[in-house]
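Chemist: One structure coming up, written as C-alpha cells, with questions to follow.
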Amino acid sequence: MTPSSPASAPPSIAERVAEVRARIDVACRAAGRDPHDVTLTAVSKTQGPDAIDAILASGQRVFGENRVQEAQSRWTARIAGLPDLELRLIGPLQTNKAADAVALFDVVETLDREKLARALAEAAMRRGRSPRVLVQVNTGAESQKAGISADQADALIATARLTYGLTVEGLMCIPPAAQDPEPHFKTLSALADRNGLAVLSMGMSGDYEAAIRCGATHVRVGTALFGERNRR
Ligand SMILES: *Cc1c(COP(=O)(O)O)cnc(C)c1O
C-alpha cells in the first residue's frame, strides 16, 4: 500500500476551485441564469502564501478579505504583478482604517453607517481613488452583527450616493447562522430591486447555490475552496 494513495488525498485547491465553479454553473442553469452573471469571490482570509499561489494558478482573481491590515500583508507585494486582481473588503470597517481600505480595495462591501460613508468619501477624495461600494444589510436584525437594518437601508443608500457621491453598486448580507438563508436572500434581493441596484453579494460555502437561486451576483466562498481555515 502506498502511504498517500490518491483516494485518501484531500482535494487540491485546483480541484476545489473546479468543483465550486462547476456547482455555480449547475445552479445558474437550474435557475435559468447565465453563469457569467455570477462572480466567485474567493475568501482568502487566514490563507498562507502557498494557498494563494495555488488559487492564483487556477486563474482565480477576485478575492474577499475581512481585515484591512491582514489583506495588506497578503496582497500588497502581489498587486503589481496581477493587473486583473480585484480585492473586496467583506469585513467590518472602522473609520480610522478608511484611508488604508481605499488605497487597497476595489470594492468595499460593508458600508453600514453614514459616518463610514463620509470617511470613505473623504479618503477617496484625498487618494484620488474611489472604491465601489455595497451596503451591508443586517437582514436578521442580529445585535452582534454589522450591517444597517433593512428598514433603514434605503435611506443609507440614498445618503451614500447623493450626499457623499459614493458609487453604490449593490447590497451584501450574512444571514443568521442557524436559519434558513433563503428568506434573507430574498429580502436583500427585493431591497436591491427597489433601489435600482444590480449587485447582490450573498451566499457562502454552505449556501451559495441557494443564493444563486435568489439572484446573487457575487458569492463569497472560503472553506469550500481552501479547506477548513487555519486558526488565526
Ligand atoms: C469568512 C467569510 C466568508 C466565507 O465563509 P465560508 O463559509 O468559509 O465560505 C464569506 N463572507 C464573509 C463576510 C466572511 O467573513
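Residue numbering restarts at 1 for every chain of the C-alpha cells, chains are lettered A, B, ... in their displayed order, and ligands are numbered from 1 as they appear.
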Return as an mmCIF file with N, CA, C and O atoms, in the first residue's frame the residues of protein, DNA or RNA that approach ligand 1 to within 6 Å, with only C-alpha atoms and all ligand atoms taken into account.

Modeler:
```cif
data_model
loop_
_atom_site.group_PDB
_atom_site.id
_atom_site.type_symbol
_atom_site.label_atom_id
_atom_site.label_comp_id
_atom_site.auth_asym_id
_atom_site.auth_seq_id
_atom_site.Cartn_x
_atom_site.Cartn_y
_atom_site.Cartn_z
ATOM 1 N N VAL A 43 -12.692 33.805 -0.657
ATOM 2 C CA VAL A 43 -12.417 34.455 0.630
ATOM 3 C C VAL A 43 -11.084 33.924 1.160
ATOM 4 O O VAL A 43 -10.983 32.786 1.616
ATOM 5 N N ASN A 66 -11.470 40.073 5.142
ATOM 6 C CA ASN A 66 -12.279 40.794 6.118
ATOM 7 C C ASN A 66 -11.506 41.663 7.099
ATOM 8 O O ASN A 66 -12.130 42.301 7.943
ATOM 9 N N ILE A 90 -14.838 42.481 2.853
ATOM 10 C CA ILE A 90 -16.111 41.885 3.257
ATOM 11 C C ILE A 90 -16.287 41.873 4.773
ATOM 12 O O ILE A 90 -17.255 41.319 5.276
ATOM 13 N N GLY A 91 -15.339 42.475 5.506
ATOM 14 C CA GLY A 91 -15.456 42.551 6.964
ATOM 15 C C GLY A 91 -15.722 43.975 7.402
ATOM 16 O O GLY A 91 -15.565 44.913 6.616
ATOM 17 N N MET A 204 -22.359 31.813 0.966
ATOM 18 C CA MET A 204 -21.018 31.403 1.389
ATOM 19 C C MET A 204 -20.893 29.900 1.086
ATOM 20 O O MET A 204 -21.701 29.340 0.354
ATOM 21 N N SER A 205 -19.885 29.237 1.643
ATOM 22 C CA SER A 205 -19.657 27.831 1.274
ATOM 23 C C SER A 205 -20.898 26.956 1.434
ATOM 24 O O SER A 205 -21.152 26.084 0.618
ATOM 25 N N ARG A 220 -19.467 34.561 -1.895
ATOM 26 C CA ARG A 220 -18.217 34.682 -1.133
ATOM 27 C C ARG A 220 -17.874 33.325 -0.521
ATOM 28 O O ARG A 220 -18.475 32.905 0.463
ATOM 29 N N VAL A 221 -16.920 32.650 -1.112
ATOM 30 C CA VAL A 221 -16.655 31.260 -0.730
ATOM 31 C C VAL A 221 -15.233 31.113 -0.205
ATOM 32 O O VAL A 221 -14.274 31.454 -0.897
ATOM 33 N N GLY A 222 -15.108 30.607 1.018
ATOM 34 C CA GLY A 222 -13.796 30.376 1.606
ATOM 35 C C GLY A 222 -13.503 28.894 1.757
ATOM 36 O O GLY A 222 -12.744 28.285 0.993
ATOM 37 N N THR A 223 -14.145 28.283 2.757
ATOM 38 C CA THR A 223 -13.873 26.897 3.123
ATOM 39 C C THR A 223 -13.977 25.917 1.947
ATOM 40 O O THR A 223 -13.149 25.011 1.820
#
```

Chemist: Show which residues sit within 12 Å of Ala146 in chain A, as JSON, numbers by chain. Count only C-alpha atoms, and ignore same-chain residues fewer than 2 positions away.

Modeler: {"A": [90, 91, 92, 93, 94, 109, 110, 111, 112, 113, 135, 136, 137, 138, 139, 140, 141, 142, 143, 144, 148, 149, 172, 173, 174, 175, 176]}

Chemist: Contacts of Ile24 in chain A at 9 Å or less, counting only C-alpha atoms, minus same-chain residues fewer than 3 places along, as a VMD selection string?

Modeler: chain A and resid 19 to 21 27 to 29 35 38 40 208 to 209 212

Chemist: What residues in range 3-227 of chain A get the DSSP label helix (DSSP H, G or I)? Please answer as a count of residues only.

Modeler: 103

Chemist: Grab the CA of Arg126 in chain A to CA of Ala80 in chain A distance for me, in Å with one decimal place.

Modeler: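 Interatomic distance, CA of Arg126 in chain A to CA of Ala80 in chain A: 21.7 Å.
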